Protein chains: 2
Amino acid sequence: MIKPSDYELKLLRHLWRAGRLSARELHDASVEETNWSYSATRKTLERMIEKGLVTLEAVHGLNTYVAAQSKVETLAVLASAFARDVLDLDAPLPAAAFAGSKLVSPGEIAELETLLQDLSAKAKGEGKS
Amino acid sequence: MIKPSDYELKLLRHLWRAGRLSARELHDASVEETNWSYSATRKTLERMIEKGLVTLEAVHGLNTYVAAQSKVETLAVLASAFARDVLDLDAPLPAAAFAGSKLVSPGEIAELETLLQDLSAKAKGEGKS
DNA sequence: ACTCAAATGCGACGCATGTCGCATGTATGC
DNA sequence: GCATACATGCGACATGCGTCGCATTTGAGT
C-alpha cells in the first residue's frame, strides 16, 4: 500500500471516479486543480506507474490509466499515517472523522474502519518486535 | 502558520514539552525516534529556523531553540490540511477525531476547534474570491 | 598560554517530486 | 504520398529535505 502525495491524490480521485482515463482526459479533468501543463500531468502519471499507484492499459493503441489502489485502501493508509504521525495515536482514527466527507459513503466508512483496525494492529505487532 | 514535515514535527514535540533546548539536548531527546546523527539533527533544526518553525535564543553564549508556533496552532494547520487534501472536506474536522490523542488536553481540544473553524472560514473566503 | 572537547557554521550528496520541453512516432485528412 | 495533430518517450532543471562530514571557533581546565 503506497501513500500518495497531495498532487498524486488529486489525480487518483479522478481515476477513481472515472475508472479509466487517457492522459489527455485526465489532464483536462484535473488541470483546474493542479494548474499544470500537459507535460507535467503526464510526467507525474508516469512516475505514479513506476511507483505502482496506477496501472497502464492500452486500449486500441491508446494508453489509458487506472488506479491501482482502491479509494478506501488509500484513504486508510493516509488516515493511519495522520493518526500516527500527527496525532501520535495508537488506535485508529474514529469513524466520526470521516462522517462529513463527500468522498465516502456510509458503506465505505464501515470498510474503512475494518482496514484501519488491521493497519493499526499490524503496526503494533511490528513495533513490538 | 507553517506546516511541518513529519520529522520536523518530532523535533517540535520535544520543544513544546521542554520549552527550550540546546541542540545537544534536543538531539539526545529525539535520537531514539529519528535515528539521526547529531549533524542531521542540527541541520534540520537550522532549516527549521530559516522556515520560521523555531527561534534561536542564545543563553550565555549557548544556542538554544524554542518552538515558534504553539502545539495547538500547529495541530490546527496539520488537521485542516488533512481535512482539505485527503478528506476533501469543507468543514473542519470534528473534535472527536482528537479525542484519543495523548497530545491534547480537553482544554486544548476546545482551543483547537476554534482555530479550526477560523482556518476553514478563511480558506472558504479565499476560495470564493 | 596551550590543549582538548564540544559547539558552530557551512558545504555537499542523493532522492523525491513539481515542472517543462523536445524529438520521435503514428494515424488522419487532403 | 505528404502534412498536420496528437500521443509517447525521455531527458532536464529546481527545490525540499534527509543525511552527513569537516573546518573553525570557543570555552574550560591545567
# chains A, B, ... in the order shown; residues from 1 in each chain; ligands from 1
$ interface_residues --of "chain A" --to "chain B" --cutoff "12 Å" --atoms "only C-alpha atoms" --output "NGL selection string"
:A and (3-13 or 33 or 71-72 or 74-104 or 109)
$ closest_atom_pairs --of "chain D" --to "chain A" --cutoff "12 Å" --atoms "only C-alpha atoms (C1' of nucleotides)" --output "tab-separated table"
residue	atom	partner	partner_atom	distance
D:DC6	C1'	A:Arg24	CA	9.7
D:DA7	C1'	A:Leu62	CA	7.9
D:DT8	C1'	A:Asn63	CA	9.0
D:DG9	C1'	A:Glu46	CA	10.4
D:DC10	C1'	A:Lys43	CA	10.2
D:DG11	C1'	A:Lys43	CA	11.6
$ interface_residues --of "chain C" --to "chain B" --cutoff "12 Å" --atoms "only C-alpha atoms (C1' of nucleotides)" --output "list in words"
DA6, DA7, DT8, DG9, DC10 and DG11 of chain C
$ residues_around --residues "C:DA5" --least-positions-apart "2" --cutoff "12 Å" --atoms "only C-alpha atoms (C1' of nucleotides)" --output "compact mmCIF listing (two decimals) with N, CA, C and O atoms (P, O5', C5', C4', C3', O3' and C1' of nucleotides), in the first residue's frame"
# COMPACT_ATOMS: atom_id res chain seq x y z
P DT C 3 49.71 23.12 22.78
O5' DT C 3 48.52 22.40 23.53
C5' DT C 3 48.74 21.82 24.83
C4' DT C 3 47.52 20.98 25.20
C3' DT C 3 46.93 20.17 24.05
O3' DT C 3 46.43 18.96 24.59
C1' DT C 3 45.30 21.71 24.82
P DA C 7 28.22 20.47 22.97
O5' DA C 7 28.65 21.80 22.19
C5' DA C 7 28.88 22.99 22.93
C4' DA C 7 28.87 24.17 21.98
C3' DA C 7 27.63 24.23 21.08
O3' DA C 7 27.28 25.61 20.90
C1' DA C 7 29.57 24.00 19.75
P DT D 26 34.76 32.85 18.21
O5' DT D 26 34.48 32.02 19.54
C5' DT D 26 33.40 31.08 19.56
C4' DT D 26 33.45 30.28 20.84
C3' DT D 26 34.13 31.03 22.00
O3' DT D 26 33.43 30.71 23.18
C1' DT D 26 35.16 28.95 21.70
P DG D 27 33.41 31.76 24.40
O5' DG D 27 32.95 30.82 25.60
C5' DG D 27 32.30 29.58 25.32
C4' DG D 27 32.86 28.50 26.23
C3' DG D 27 33.36 29.03 27.57
O3' DG D 27 32.93 28.13 28.57
C1' DG D 27 35.11 27.87 26.49
P DA D 28 33.26 28.42 30.14
O5' DA D 28 34.09 27.13 30.56
C5' DA D 28 33.81 25.87 29.94
C4' DA D 28 34.81 24.86 30.43
C3' DA D 28 35.32 25.17 31.83
O3' DA D 28 35.52 23.94 32.53
C1' DA D 28 37.13 25.24 30.32
P DG D 29 36.10 24.01 34.01
O5' DG D 29 37.53 23.33 33.81
C5' DG D 29 37.60 22.06 33.12
C4' DG D 29 39.04 21.64 32.97
C3' DG D 29 39.83 21.73 34.29
O3' DG D 29 40.73 20.62 34.33
C1' DG D 29 40.86 23.11 32.66
$ residues_around --residues "stretch 49-55 of chain A" --least-positions-apart "5" --cutoff "6 Å" --atoms "only C-alpha atoms (C1' of nucleotides)" --output "VMD selection string"
chain A and resid 65 to 68
$ atom_distance --atom1 "atom CA of B:Trp36" --atom2 "atom C1' of D:DG18"
9.2 Å
